[in-house]
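To be precise, the following lines are protein_37.cif, and they hold mmCIF, C-alpha atoms.
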data_entry
loop_
_atom_site.label_atom_id
_atom_site.label_comp_id
_atom_site.auth_asym_id
_atom_site.auth_seq_id
_atom_site.Cartn_x
_atom_site.Cartn_y
_atom_site.Cartn_z
CA MET A 78 40.21 -37.51 -24.81
CA GLY A 79 40.77 -41.02 -26.25
CA TYR A 80 39.77 -41.88 -29.81
CA GLY A 81 37.46 -44.67 -28.68
CA PHE A 82 35.63 -42.39 -26.24
CA ALA A 83 35.24 -39.71 -28.91
CA LYS A 84 33.58 -42.28 -31.19
CA ARG A 85 31.19 -43.32 -28.42
CA LEU A 86 30.30 -39.71 -27.60
CA LEU A 87 29.73 -38.95 -31.30
CA ALA A 88 27.46 -41.97 -31.60
CA ALA A 89 25.49 -40.81 -28.57
CA THR A 90 25.10 -37.32 -30.03
CA LEU A 91 23.87 -38.76 -33.35
CA ALA A 92 21.37 -40.91 -31.49
CA VAL A 93 20.01 -37.89 -29.63
CA GLY A 94 19.79 -36.01 -32.92
CA LEU A 95 17.75 -38.80 -34.48
CA LEU A 96 15.41 -38.75 -31.48
CA GLY A 97 15.00 -34.98 -31.93
CA ALA A 98 14.17 -35.49 -35.61
CA CYS A 99 11.53 -38.04 -34.69
CA SER A 100 10.07 -35.58 -32.19
CA LYS A 101 9.81 -32.91 -34.91
CA HIS A 102 8.25 -35.47 -37.29
CA ASN A 103 5.55 -36.12 -34.68
CA ALA A 104 4.92 -32.41 -33.98
CA ALA A 105 1.32 -32.71 -35.12
CA THR A 106 0.63 -35.34 -32.47
CA MET A 107 2.30 -33.25 -29.79
CA GLU A 108 0.26 -30.22 -30.83
CA GLU A 109 -2.93 -32.12 -30.09
CA SER A 110 -1.61 -33.15 -26.68
CA VAL A 111 -0.68 -29.61 -25.54
CA ALA A 112 -3.39 -27.54 -27.22
CA ALA A 113 -6.13 -26.19 -24.95
CA PRO A 114 -9.66 -25.07 -25.77
CA SER A 115 -9.77 -21.54 -27.13
CA VAL A 116 -12.24 -18.69 -27.30
CA PRO A 117 -13.27 -17.46 -30.78
CA MET A 118 -12.32 -13.87 -31.56
CA ALA A 119 -15.97 -12.93 -31.84
CA GLU A 120 -16.39 -13.70 -28.13
CA LEU A 121 -13.57 -11.36 -26.94
CA GLY A 122 -15.87 -8.44 -26.27
CA LYS A 123 -18.34 -10.46 -24.22
CA PRO A 124 -18.19 -10.63 -20.42
CA ASP A 125 -17.49 -14.39 -20.45
CA ALA A 126 -14.43 -14.00 -22.71
CA GLY A 127 -12.18 -14.56 -19.72
CA GLY A 128 -10.65 -17.71 -21.12
CA SER A 129 -13.28 -20.17 -19.81
CA ALA A 130 -13.52 -23.50 -21.58
CA PRO A 131 -15.82 -23.39 -24.64
CA SER A 132 -18.80 -25.66 -25.01
CA PRO A 133 -18.25 -29.03 -26.75
CA ASP A 134 -19.98 -27.87 -29.94
CA LYS A 135 -17.37 -25.14 -30.52
CA ALA A 136 -14.40 -25.85 -32.80
CA ASP A 137 -11.00 -26.41 -31.20
CA LEU A 138 -8.54 -24.08 -32.97
CA GLY A 139 -5.52 -25.57 -31.22
CA VAL A 140 -4.50 -22.29 -29.58
CA LEU A 141 -3.27 -21.41 -26.10
CA LEU A 142 -4.33 -17.83 -25.37
CA ALA A 143 -2.84 -15.44 -22.85
CA TYR A 144 -5.33 -12.62 -22.26
CA GLU A 145 -4.58 -9.02 -21.38
CA HIS A 146 -7.29 -6.46 -20.47
CA ARG A 147 -6.87 -2.67 -20.44
CA LEU A 148 -9.48 -0.32 -19.01
CA ARG A 149 -9.78 3.46 -18.69
CA ILE A 150 -12.17 4.43 -15.90
CA ARG A 151 -13.25 8.05 -15.43
CA LEU A 152 -14.37 9.10 -11.96
CA PRO A 153 -14.64 12.31 -9.94
CA GLY A 154 -11.22 13.15 -8.59
CA GLU A 155 -12.15 12.56 -4.97
CA ARG A 156 -13.24 8.97 -5.73
CA ILE A 157 -10.17 7.81 -7.64
CA ALA A 158 -7.97 6.94 -4.66
CA VAL A 159 -10.82 5.19 -2.84
CA GLN A 160 -11.80 3.16 -5.91
CA ALA A 161 -8.24 2.11 -6.71
CA GLN A 162 -7.64 1.02 -3.12
CA ALA A 163 -10.89 -0.95 -3.11
CA VAL A 164 -9.82 -2.88 -6.22
CA GLN A 165 -6.40 -3.50 -4.70
CA ALA A 166 -7.94 -4.76 -1.45
CA ALA A 167 -10.32 -7.08 -3.34
CA CYS A 168 -7.37 -8.55 -5.25
CA ASN A 169 -5.23 -9.05 -2.16
CA GLY A 170 -8.16 -10.45 -0.19
CA GLY A 171 -8.61 -13.38 -2.57
CA LYS A 172 -12.40 -13.21 -2.51
CA LEU A 173 -12.51 -13.21 -6.31
CA GLY A 174 -10.00 -16.04 -6.70
CA ALA A 175 -6.22 -16.14 -6.86
CA CYS A 176 -5.00 -12.61 -7.61
CA ALA A 177 -1.70 -10.71 -7.33
CA VAL A 178 -1.08 -6.96 -7.55
CA LEU A 179 1.83 -6.38 -9.93
CA GLY A 180 2.05 -2.61 -9.59
CA MET A 181 0.22 0.55 -8.52
CA ASN A 182 0.89 4.24 -9.17
CA GLN A 183 -1.17 7.06 -7.70
CA SER A 184 -0.95 10.86 -8.05
CA GLY A 185 -2.98 13.65 -6.45
CA GLY A 186 -3.22 17.37 -6.99
CA ASP A 187 -5.56 19.06 -9.44
CA GLU A 188 -5.54 16.08 -11.82
CA PRO A 189 -5.59 12.95 -9.64
CA SER A 190 -5.06 9.61 -11.31
CA ALA A 191 -4.13 6.03 -10.48
CA THR A 192 -2.87 2.98 -12.35
CA LEU A 193 -3.30 -0.56 -11.04
CA GLN A 194 -2.08 -3.75 -12.69
CA VAL A 195 -3.10 -7.20 -11.44
CA ARG A 196 -2.89 -10.82 -12.57
CA ILE A 197 -5.99 -12.83 -11.72
CA VAL A 198 -7.70 -16.12 -12.58
CA PRO A 199 -10.21 -15.87 -15.47
CA GLU A 200 -13.33 -16.24 -13.31
CA GLY A 201 -12.33 -13.19 -11.25
CA VAL A 202 -11.79 -10.79 -14.16
CA GLU A 203 -15.35 -9.60 -14.67
CA PRO A 204 -16.21 -9.22 -10.94
CA LEU A 205 -13.04 -7.18 -10.43
CA ILE A 206 -13.86 -4.95 -13.42
CA ALA A 207 -17.40 -4.48 -12.08
CA LEU A 208 -15.94 -3.40 -8.75
CA ALA A 209 -13.61 -0.89 -10.45
CA GLY A 210 -16.32 0.90 -12.44
CA LYS A 211 -19.83 0.61 -13.84
CA GLY A 212 -21.78 2.09 -16.72
CA ASP A 213 -20.38 5.29 -18.15
CA GLU A 214 -17.43 5.16 -15.73
CA ILE A 215 -15.65 2.69 -18.04
CA SER A 216 -14.83 4.98 -20.94
CA GLU A 217 -12.55 2.56 -22.76
CA ARG A 218 -11.87 -1.18 -22.68
CA SER A 219 -9.67 -3.40 -24.82
CA ILE A 220 -8.90 -7.13 -24.76
CA GLN A 221 -5.85 -8.65 -26.42
CA ALA A 222 -4.98 -12.35 -26.68
CA ASP A 223 -1.48 -13.66 -27.36
CA ASP A 224 -1.34 -17.18 -28.82
CA LEU A 225 1.38 -19.17 -27.03
CA ALA A 226 0.71 -22.54 -28.70
CA THR A 227 3.82 -22.43 -30.89
CA ALA A 228 6.04 -21.29 -28.02
CA VAL A 229 4.69 -24.04 -25.75
CA ARG A 230 5.27 -26.73 -28.38
CA SER A 231 8.82 -25.53 -29.05
CA ASN A 232 9.63 -25.45 -25.36
CA THR A 233 8.20 -28.94 -24.83
CA MET A 234 10.30 -30.35 -27.66
CA LEU A 235 13.40 -28.57 -26.32
CA GLN A 236 12.91 -30.06 -22.85
CA ASP A 237 12.39 -33.53 -24.34
CA ARG A 238 15.61 -33.28 -26.35
CA LEU A 239 17.63 -31.99 -23.38
CA GLN A 240 16.30 -34.69 -21.05
CA LYS A 241 17.22 -37.46 -23.51
CA GLU A 242 20.71 -36.04 -24.02
CA HIS A 243 21.15 -35.62 -20.27
CA ALA A 244 20.14 -39.23 -19.57
CA ARG A 245 22.50 -40.54 -22.30
CA LEU A 246 25.46 -38.59 -20.94
CA LEU A 247 24.77 -39.85 -17.44
CA GLU A 248 25.07 -43.39 -18.78
CA PHE A 249 28.49 -42.56 -20.21
CA GLN A 250 29.54 -40.96 -16.94
CA ASP A 251 28.87 -44.21 -15.06
CA ARG A 252 31.43 -46.12 -17.14
CA LYS A 253 34.48 -47.30 -15.20
CA ASP A 254 36.97 -47.07 -18.08
CA LEU A 255 36.81 -43.28 -18.50
CA LYS A 256 39.90 -41.17 -18.09
CA VAL A 257 39.97 -38.11 -15.85
CA ALA A 258 39.90 -35.76 -18.84
CA ASP A 259 36.87 -37.60 -20.23
CA VAL A 260 35.05 -37.33 -16.91
CA LEU A 261 35.72 -33.57 -16.74
CA THR A 262 34.48 -33.08 -20.31
CA LEU A 263 31.31 -35.03 -19.59
CA SER A 264 30.71 -33.16 -16.34
CA ASN A 265 30.98 -29.78 -18.09
CA ARG A 266 28.58 -30.87 -20.82
CA ILE A 267 26.10 -32.26 -18.29
CA ALA A 268 26.22 -28.99 -16.34
CA GLU A 269 25.48 -27.02 -19.54
CA ILE A 270 22.51 -29.24 -20.37
CA GLU A 271 21.15 -28.97 -16.82
CA ALA A 272 21.36 -25.15 -16.99
CA GLN A 273 19.54 -25.13 -20.35
CA LEU A 274 16.92 -27.52 -19.01
CA GLN A 275 16.33 -25.34 -15.95
CA GLY A 276 15.87 -22.28 -18.17
CA ALA A 277 13.38 -24.17 -20.37
CA GLN A 278 11.43 -25.32 -17.31
CA GLN A 279 11.25 -21.76 -15.98
CA GLU A 280 10.02 -20.55 -19.36
CA ALA A 281 7.36 -23.28 -19.39
CA ALA A 282 6.18 -22.22 -15.92
CA GLN A 283 5.93 -18.62 -17.10
CA GLN A 284 3.92 -19.68 -20.16
CA GLN A 285 1.51 -21.73 -18.07
CA ARG A 286 1.08 -18.81 -15.66
CA ARG A 287 0.17 -16.49 -18.54
CA ILE A 288 -2.33 -19.04 -19.89
CA ALA A 289 -3.92 -19.92 -16.55
CA THR A 290 -4.27 -16.28 -15.38
CA GLN A 291 -5.01 -12.97 -17.07
CA LEU A 292 -3.38 -9.55 -16.89
CA VAL A 293 -5.68 -6.60 -16.13
CA THR A 294 -4.54 -2.95 -16.17
CA PHE A 295 -6.82 -0.27 -14.67
CA ASN A 296 -6.24 3.40 -15.52
CA PHE A 297 -8.31 5.68 -13.24
CA GLU A 298 -8.71 9.25 -14.53
CA THR A 299 -10.89 12.26 -13.77
CA THR A 300 -14.07 12.94 -15.74
CA ARG A 301 -13.79 15.01 -18.91
CA ALA A 302 -15.71 17.94 -17.39
CA GLN A 303 -13.46 18.00 -14.35
CA ALA A 304 -10.39 17.73 -16.54
CA SER A 305 -11.56 20.72 -18.63
CA ARG A 306 -12.13 22.83 -15.51
CA SER A 307 -8.73 21.85 -14.26
CA GLU A 308 -7.11 22.93 -17.52
CA ILE A 309 -8.87 26.34 -17.38
CA GLY A 310 -7.80 26.85 -13.76
CA GLU A 311 -4.26 25.88 -14.65
CA ALA A 312 -4.27 28.38 -17.52
CA PHE A 313 -5.29 31.20 -15.14
CA ARG A 314 -2.61 30.16 -12.71
CA ASP A 315 -0.03 30.20 -15.46
CA PHE A 316 -1.08 33.68 -16.66
CA GLY A 317 1.11 35.56 -14.20
CA GLY A 318 4.06 33.31 -14.90
CA ILE A 319 3.74 33.81 -18.67
CA VAL A 320 3.58 37.62 -18.33
CA ALA A 321 6.60 37.59 -16.03
CA ALA A 322 8.52 35.40 -18.46
CA VAL A 323 7.78 37.75 -21.39
CA VAL A 324 8.84 40.85 -19.40
CA ALA A 325 12.01 39.10 -18.30
CA PHE A 326 12.77 38.23 -21.92
CA LEU A 327 12.33 41.87 -23.02
CA ILE A 328 14.61 43.10 -20.23
CA ARG A 329 17.30 40.62 -21.24
CA ALA A 330 16.94 41.61 -24.90
CA PHE A 331 17.29 45.31 -24.03
CA ALA A 332 20.37 44.54 -21.92
CA VAL A 333 21.95 42.77 -24.88
CA LEU A 334 21.08 45.51 -27.41
CA LEU A 335 22.09 48.49 -25.23
CA PRO A 336 25.87 48.16 -25.77
CA VAL A 337 25.32 47.64 -29.47
CA LEU A 338 23.20 50.80 -29.74
CA ALA A 339 25.79 52.75 -27.76
CA VAL A 340 28.33 51.99 -30.48
CA LEU A 341 26.10 52.14 -33.56
CA LEU A 342 24.33 55.45 -32.88
CA PRO A 343 27.53 57.61 -32.70
CA LEU A 344 28.89 55.79 -35.73
CA VAL A 345 25.75 56.49 -37.76
CA TRP A 346 25.80 60.16 -36.66
CA LEU A 347 29.47 60.48 -37.71
CA ILE A 348 28.83 58.91 -41.11
CA ARG A 349 25.86 61.19 -41.81
CA ARG A 350 27.84 64.27 -40.76
CA THR A 351 30.72 63.30 -43.03
CA ILE A 352 28.35 62.86 -45.96
CA ARG A 353 26.77 66.32 -45.37
CA ASN A 354 30.19 67.99 -45.16
CA ARG A 355 31.25 66.48 -48.47
CA ARG A 356 28.06 67.64 -50.16
CA LYS A 357 28.61 71.20 -48.86
CA ALA A 358 32.23 71.17 -50.07
CA ARG A 359 31.16 70.11 -53.56
CA GLY A 360 28.46 72.75 -53.65
CA GLY A 361 30.88 75.50 -52.58
#
Using structure tokens, write down the structure from this file.
Amino acid sequence: MGYGFAKRLLAATLAVGLLGACSKHNAATMEESVAAPSVPMAELGKPDAGGSAPSPDKADLGVLLAYEHRLRIRLPGERIAVQAQAVQAACNGGKLGACAVLGMNQSGGDEPSATLQVRIVPEGVEPLIALAGKGDEISERSIQADDLATAVRSNTMLQDRLQKEHARLLEFQDRKDLKVADVLTLSNRIAEIEAQLQGAQQEAAQQQRRIATQLVTFNFETTRAQASRSEIGEAFRDFGGIVAAVVAFLIRAFAVLLPVLAVLLPLVWLIRRTIRNRRKARGG
């Protein structure tokens, strides 16, 4: 690469760096432009804590919250599969708003259970939870919010810096006095920046998806009484297996000790006989 071109490229890099420094200096202004209304922590346990916009008289904390709900729902075993499928159908049907099923696991037998994970718009969270279980059926519920404000600001600044650098390099690439080696170097650098910019854009889309929708995980389990009966029945079923395992262990232990006893018993008898003979000889 020629010396003159290297100087021009260095000057361009310094210019982009100064623009990045100005962007960091104005981070407070950018924070106000990207921050969204938040829900106070005291409101998390209320039904309307689904990320809806707060009223104008509430303070803006400058946070971008991504909500995650976890529920444990206890039902009779025969209802678990039906209830889980009903929630899945309601999500796929779109009657409660945009919703996507991310995963579902179901098991039967004596202890049936099911796990369903969905991502849904905030206004559909509470209706979907009401469909999954009511009253005492919801034995446990937790809500967690992850603040993405810092990550969103950092990603925005990164995209801004990459776009400015990309535009500057494109200007250099249009010059007619560049050598072939210079063109190849610029093309490689432009390709690197475009790949980084694409990754940053994908990350921004993922962040916005987490902010605009909420993750809900349903764990369907049997009632405590039914679970206790199942454990007792399982214990009775295991009784025969435990007895058989103990008997098998004793048989194996006897098989191991039998050769040892066959050697030790004659040896002990010989030692005792030798001792008695010596005592008799001394006494005579």
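The space separating CA of Arg355 in chain A from CA of Leu342 in chain A comes to 20.3 Å.
Straight-line separation from CA of Glu145 in chain A to CA of Ile206 in chain A: 12.9 Å.
Among the candidate residues A:Thr351, A:Ile157, A:Gln165, A:Ala277, the one lying nearest to Gly185 in chain A is A:Ile157, with distances computed using all atoms listed in the file.
With all atoms listed in the file as the atoms that count, the minimum distance from Phe249 in chain A to the choices A:Ala228, A:Val323, A:Met234, A:Ile267 is reached by A:Ile267.
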Where is the centre and how long are the edges: axis-aligned box on range 244-253 of chain A, 6 Å on each side, Å to one decimal, as JSON:
{"center_x": 27.3, "center_y": -42.9, "center_z": -18.7, "size_x": 26.3, "size_y": 20.7, "size_z": 19.2}
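Minimum atom-to-atom distance to Leu205 in chain A, evaluated using all atoms listed in the file, belongs to A:His146 out of A:Arg156, A:Lys256, A:His146, A:His243.
Taking CA of Ile197 in chain A as the reference point, CA of Leu292 in chain A is found at 6.7 Å.
Proximity of A:Ala330, A:Val229, A:Val324, A:Leu246 to Glu280 in chain A, computed with all atoms listed in the file, is greatest for A:Val229.
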Note to self: Can you translate the PyMOL selection byres ((chain A and resi 288) around 12) into the concrete residues it hits in this file, as a VMD selection string?
What the structure shows: chain A and resid 112 to 115 127 to 129 140 to 145 196 to 199 222 to 226 228 to 229 281 to 287 289 to 292
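Each of A:Ala272, A:Glu217, A:Thr262, A:Val293 was compared to Cys168 in chain A using only C-alpha atoms, and A:Val293 turns out to be the nearest.
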Residues within 10 Å of Ser190 in chain A, please, as an mmCIF file with C-alpha atoms, in the frame of the given file. Count all atoms listed in the file; anything in the same chain fewer than 3 positions from it doesn't count.
data_model
loop_
_atom_site.group_PDB
_atom_site.id
_atom_site.type_symbol
_atom_site.label_atom_id
_atom_site.label_comp_id
_atom_site.auth_asym_id
_atom_site.auth_seq_id
_atom_site.Cartn_x
_atom_site.Cartn_y
_atom_site.Cartn_z
ATOM 1 C CA ILE A 150 -12.170 4.430 -15.900
ATOM 2 C CA ARG A 151 -13.250 8.050 -15.430
ATOM 3 C CA LEU A 152 -14.370 9.100 -11.960
ATOM 4 C CA GLY A 154 -11.220 13.150 -8.590
ATOM 5 C CA GLU A 155 -12.150 12.560 -4.970
ATOM 6 C CA ARG A 156 -13.240 8.970 -5.730
ATOM 7 C CA ILE A 157 -10.170 7.810 -7.640
ATOM 8 C CA ALA A 158 -7.970 6.940 -4.660
ATOM 9 C CA ALA A 161 -8.240 2.110 -6.710
ATOM 10 C CA ASN A 182 0.890 4.240 -9.170
ATOM 11 C CA GLN A 183 -1.170 7.060 -7.700
ATOM 12 C CA SER A 184 -0.950 10.860 -8.050
ATOM 13 C CA GLY A 185 -2.980 13.650 -6.450
ATOM 14 C CA GLY A 186 -3.220 17.370 -6.990
ATOM 15 C CA ASP A 187 -5.560 19.060 -9.440
ATOM 16 C CA ASN A 296 -6.240 3.400 -15.520
ATOM 17 C CA PHE A 297 -8.310 5.680 -13.240
ATOM 18 C CA GLU A 298 -8.710 9.250 -14.530
ATOM 19 C CA THR A 299 -10.890 12.260 -13.770
#
Quick one: residues within 10 Å of Arg218 in chain A, all atoms listed in the file, excluding same-chain residues fewer than 4 positions away - as a PDB file with C-alpha atoms, in the coordinates of the input?
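File produced: part07.pdb:
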ATOM      1  CA  GLY A 122     -15.870  -8.440 -26.270  1.00  0.00           C
ATOM      2  CA  HIS A 146      -7.290  -6.460 -20.470  1.00  0.00           C
ATOM      3  CA  ARG A 147      -6.870  -2.670 -20.440  1.00  0.00           C
ATOM      4  CA  LEU A 148      -9.480  -0.320 -19.010  1.00  0.00           C
ATOM      5  CA  ARG A 149      -9.780   3.460 -18.690  1.00  0.00           C
ATOM      6  CA  ILE A 150     -12.170   4.430 -15.900  1.00  0.00           C
ATOM      7  CA  THR A 294      -4.540  -2.950 -16.170  1.00  0.00           C
ATOM      8  CA  PHE A 295      -6.820  -0.270 -14.670  1.00  0.00           C
TER       9      PHE A 295
END
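Using only C-alpha atoms, the shortest contact distance between Glu203 in chain A and any of A:Ala166, A:Leu173, A:Val320, A:Ile352 is found at A:Leu173.
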Next item on the list: Within 9 Å of (-8.9, -18.1, -6.4) (coordinates as in the file), grab all the protein and nucleic acid residues, counting only C-alpha atoms, and write them out as an NGL selection string.
Entry: :A and (171-176 or 197-198 or 200-201)
